[in-house]
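In what follows, a structure is listed as structure tokens, so that the remarks can point back to it.
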Amino acid sequence: MRNYLIAGNWKMNTTISEARDLAKAVSKSAPHNGNVIVLGCPPFVNIQAVAEIAKGTHLKVGAQNCYFEKKGAYTGEVSIDMLKAIGCDYIIIGHSERRAIFCESNELINKKVIAILASGLTPILCIGETLDERNAGKTFDVLKTQLDGCLAGVAVEDIPKVVVAYEPVWAIGTGVSATSNEVSEAHAWLRNYFVDKCGDFTAKKIYLLYGGSLSDANAKETLAIDNVDGGLIGGAALVAEKFITIINTAVELAGDTGAAPSCCCGCK
Ligand code: 13P
């Protein structure tokens with residue numbers, strides 16, 4: 001039996017009515033009490049509406065970003081407590097679009113990880129190399145620098161409360177997913193990184209998601225790979241039928257027993 005987290009990153013898409021329609025369709029397909037968690041991360045302004053639809057279903061709701069300070073003069077920012085109050089359980093942080101377009105550093109992302117954990121929510125920490133970095137043979141140096149920086153000061157017992165999403169930048173939104181070999185190699189490296197950091201038992205509890213052109217067409221192949229515990233899905237998460245196919249693929253691969261997930265703190 002395997003556990004999966006299937007997460008949709010809706011990015012800057014969906015008006016409120018589109019968000020409601022998507023949430024209604026997806027929430028009906030979120031499996032009941034199984035070992036597959038389904039998550040939708042709409043834009044900030046649609047979170048509350050989606051959370052109301054998700055209530056009483058097995059769809060979880062998350063945000064795509066947050067600020068680490070509690071409150072105050074931070075024009076344009078949204079706090080973790082604000083997100084928690086409207087029904088968020090997860091917050092994506094360090095997405096490559098935020099790193100590249102909004103100049104987010106590992107140091108800033110680290111502050112967000114620590115603040116999210118302190119609030120009891122689950123951070124989904126995105127990491128990944130650019131094509132130039134991959135071609136220069138620097139993939140694992142980049143991943144190590146990102147992980148070391150973003151997880152600095154996080155206690156070993158809190159590490160499994162962090163979900164890690166490996167998203168090679170060159171595979172995002174391009175329709176060109178990483179090959180099975182590339183995903184397998186990166187995820188094995190990630191698992192080993194955490195074995196070194198916190199031991200075998202704890203490392204196995206960490207959800208390692210793959211993201212980057214993951215779709216209904218390649219979900220079976222990708223989700224079957226060892227050390228892939230789910231996906232962070234962009235484009236295909238905006239089309240209910242495609243996202244539901246990915247959910248159903250995970251349910252099939254999980255060998256869903258109908259048992260409740262082993263832990264509710266974010267880890268597997
Ligand atoms: P795509 O699935 O559109 O490639 O986006 C992946 C992503 O960035 C999810 O966070």
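For the structure tokens, the naming scheme is as follows: chains receive sequential letters (A, B, ...) according to their order of presentation, residues are indexed from 1 within each chain, and ligands are indexed from 1 in presentation order.
Non-sequential neighbours of segment 54-71 of chain A (distance at most 7 Å, separation of 2 or more positions within a chain, only C-alpha atoms) are A:Ser27, A:Ala30, A:Pro31, A:His32, A:Val38, A:Leu39, A:Gly40, A:Cys41, A:Pro42, A:Pro43, A:Phe44, A:Val50, A:Ala51, A:Glu52, A:Glu77, A:Val78, A:Ser79, A:Ile80, A:Gly87, A:Cys88, A:Asp89, A:Tyr90, A:Ile91, A:Ile92, A:Ile93, A:Lys111, A:Lys112, A:Ala115.
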Around ligand 1, at most 9 Å away and counting only C-alpha atoms and all ligand atoms, which residues are there? Put them as a PyMOL selection string, please.
-> chain A and resi 7-11+64+92+95-97+126+165+167-177+210-215+231-237
Please, which residues of segment 85-246 of chain A, numbered as in this document, come out strand (DSSP E) from DSSP, as a ChimeraX atom specification?
-> /A:90-93,122-127,163-166,208-210,230-233
In Å to one decimal, how far is atom CA of Thr122 of chain A from atom CA of Gly266 of chain A?
->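 Computed distance, atom CA of Gly266 of chain A to atom CA of Thr122 of chain A, equals 5.8 Å.
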Among the residues of segment 2-243 of chain A, find those DSSP assigns to helix (DSSP H, G or I) from the backbone and print them as a ChimeraX atom specification.
-> /A:16-29,44-54,80-85,96-101,106-119,131-135,139-150,156-161,169-171,180-203,219-223,235-238,240-243
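Across the structure, atom CA of Gly120 of chain A and atom CA of Asp81 of chain A are spaced 10.0 Å apart.
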Write out as a PDB file with N, CA and C atoms, in the first residue's frame which residues come within 9 Å of segment 143-158 of chain A when counting only C-alpha atoms, dropping same-chain ones fewer than 4 positions away.
```
ATOM      1  N   GLY A  94       7.934  28.768  -2.198  1.00  0.00           N
ATOM      2  CA  GLY A  94       9.168  28.598  -2.964  1.00  0.00           C
ATOM      3  C   GLY A  94       8.962  28.087  -4.371  1.00  0.00           C
ATOM      4  N   SER A 105      14.137  34.323  -2.149  1.00  0.00           N
ATOM      5  CA  SER A 105      15.396  33.635  -1.833  1.00  0.00           C
ATOM      6  C   SER A 105      15.132  32.446  -0.910  1.00  0.00           C
ATOM      7  N   ASN A 106      16.123  31.561  -0.812  1.00  0.00           N
ATOM      8  CA  ASN A 106      16.010  30.443   0.136  1.00  0.00           C
ATOM      9  C   ASN A 106      15.838  30.961   1.560  1.00  0.00           C
ATOM     10  N   GLU A 107      16.452  32.088   1.857  1.00  0.00           N
ATOM     11  CA  GLU A 107      16.376  32.670   3.200  1.00  0.00           C
ATOM     12  C   GLU A 107      14.935  33.100   3.534  1.00  0.00           C
ATOM     13  N   LEU A 108      14.286  33.745   2.579  1.00  0.00           N
ATOM     14  CA  LEU A 108      12.887  34.159   2.783  1.00  0.00           C
ATOM     15  C   LEU A 108      11.985  32.925   2.892  1.00  0.00           C
ATOM     16  N   ILE A 109      12.216  31.960   2.016  1.00  0.00           N
ATOM     17  CA  ILE A 109      11.379  30.753   2.010  1.00  0.00           C
ATOM     18  C   ILE A 109      11.545  30.004   3.341  1.00  0.00           C
ATOM     19  N   ASN A 110      12.755  30.003   3.865  1.00  0.00           N
ATOM     20  CA  ASN A 110      13.030  29.373   5.157  1.00  0.00           C
ATOM     21  C   ASN A 110      12.162  30.005   6.270  1.00  0.00           C
ATOM     22  N   LYS A 111      12.041  31.319   6.231  1.00  0.00           N
ATOM     23  CA  LYS A 111      11.214  31.991   7.252  1.00  0.00           C
ATOM     24  C   LYS A 111       9.756  31.565   7.105  1.00  0.00           C
ATOM     25  N   LYS A 112       9.326  31.362   5.887  1.00  0.00           N
ATOM     26  CA  LYS A 112       7.945  30.919   5.652  1.00  0.00           C
ATOM     27  C   LYS A 112       7.744  29.484   6.153  1.00  0.00           C
ATOM     28  N   VAL A 113       8.719  28.609   5.873  1.00  0.00           N
ATOM     29  CA  VAL A 113       8.621  27.210   6.346  1.00  0.00           C
ATOM     30  C   VAL A 113       8.442  27.202   7.861  1.00  0.00           C
ATOM     31  N   ILE A 114       9.289  27.949   8.545  1.00  0.00           N
ATOM     32  CA  ILE A 114       9.269  27.949  10.013  1.00  0.00           C
ATOM     33  C   ILE A 114       7.946  28.509  10.537  1.00  0.00           C
ATOM     34  N   LEU A 117       5.029  25.955   9.858  1.00  0.00           N
ATOM     35  CA  LEU A 117       5.070  24.830  10.804  1.00  0.00           C
ATOM     36  C   LEU A 117       4.589  25.278  12.185  1.00  0.00           C
ATOM     37  N   LEU A 125       7.027  22.661   0.031  1.00  0.00           N
ATOM     38  CA  LEU A 125       8.242  23.364  -0.367  1.00  0.00           C
ATOM     39  C   LEU A 125       8.669  22.927  -1.768  1.00  0.00           C
ATOM     40  N   ILE A 127      11.179  22.870  -4.951  1.00  0.00           N
ATOM     41  CA  ILE A 127      12.588  23.000  -5.315  1.00  0.00           C
ATOM     42  C   ILE A 127      12.750  22.483  -6.747  1.00  0.00           C
ATOM     43  N   GLY A 128      13.832  22.851  -7.384  1.00  0.00           N
ATOM     44  CA  GLY A 128      14.064  22.334  -8.741  1.00  0.00           C
ATOM     45  C   GLY A 128      15.107  23.154  -9.462  1.00  0.00           C
ATOM     46  N   GLU A 129      15.737  22.501 -10.416  1.00  0.00           N
ATOM     47  CA  GLU A 129      16.836  23.133 -11.157  1.00  0.00           C
ATOM     48  C   GLU A 129      16.337  23.672 -12.497  1.00  0.00           C
ATOM     49  N   LYS A 138      24.662  20.371 -12.505  1.00  0.00           N
ATOM     50  CA  LYS A 138      24.576  20.929 -11.150  1.00  0.00           C
ATOM     51  C   LYS A 138      23.271  20.606 -10.437  1.00  0.00           C
ATOM     52  N   THR A 139      22.456  19.713 -10.997  1.00  0.00           N
ATOM     53  CA  THR A 139      21.117  19.479 -10.444  1.00  0.00           C
ATOM     54  C   THR A 139      21.153  19.214  -8.938  1.00  0.00           C
ATOM     55  N   VAL A 162       6.905  18.645   6.519  1.00  0.00           N
ATOM     56  CA  VAL A 162       7.106  19.428   5.298  1.00  0.00           C
ATOM     57  C   VAL A 162       6.908  18.501   4.101  1.00  0.00           C
ATOM     58  N   TYR A 166       9.415  18.300  -5.951  1.00  0.00           N
ATOM     59  CA  TYR A 166      10.516  18.446  -6.908  1.00  0.00           C
ATOM     60  C   TYR A 166       9.910  18.872  -8.253  1.00  0.00           C
ATOM     61  N   LEU A 190      16.599  12.620  -3.373  1.00  0.00           N
ATOM     62  CA  LEU A 190      15.891  13.359  -2.317  1.00  0.00           C
ATOM     63  C   LEU A 190      15.671  12.475  -1.083  1.00  0.00           C
ATOM     64  N   TYR A 193      18.832  12.180   0.735  1.00  0.00           N
ATOM     65  CA  TYR A 193      19.150  13.434   1.428  1.00  0.00           C
ATOM     66  C   TYR A 193      18.476  13.421   2.804  1.00  0.00           C
ATOM     67  N   LYS A 197      19.737  13.199   6.725  1.00  0.00           N
ATOM     68  CA  LYS A 197      19.379  14.302   7.624  1.00  0.00           C
ATOM     69  C   LYS A 197      18.622  13.810   8.858  1.00  0.00           C
ATOM     70  N   CYS A 198      17.737  12.833   8.667  1.00  0.00           N
ATOM     71  CA  CYS A 198      16.893  12.482   9.817  1.00  0.00           C
ATOM     72  C   CYS A 198      16.653  10.981   9.998  1.00  0.00           C
ATOM     73  N   THR A 202      12.250   8.267   9.654  1.00  0.00           N
ATOM     74  CA  THR A 202      11.631   9.585   9.476  1.00  0.00           C
ATOM     75  C   THR A 202      11.596   9.971   7.992  1.00  0.00           C
TER      76      THR A 202
END
```
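Atom CA of Ile225 of chain A lies 6.2 Å from atom CA of Ser184 of chain A.
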Counting only C-alpha atoms, closest pick from A:Ile16, A:Asn227, A:Lys161, A:Ile116 relative to Asn192 of chain A is A:Asn227
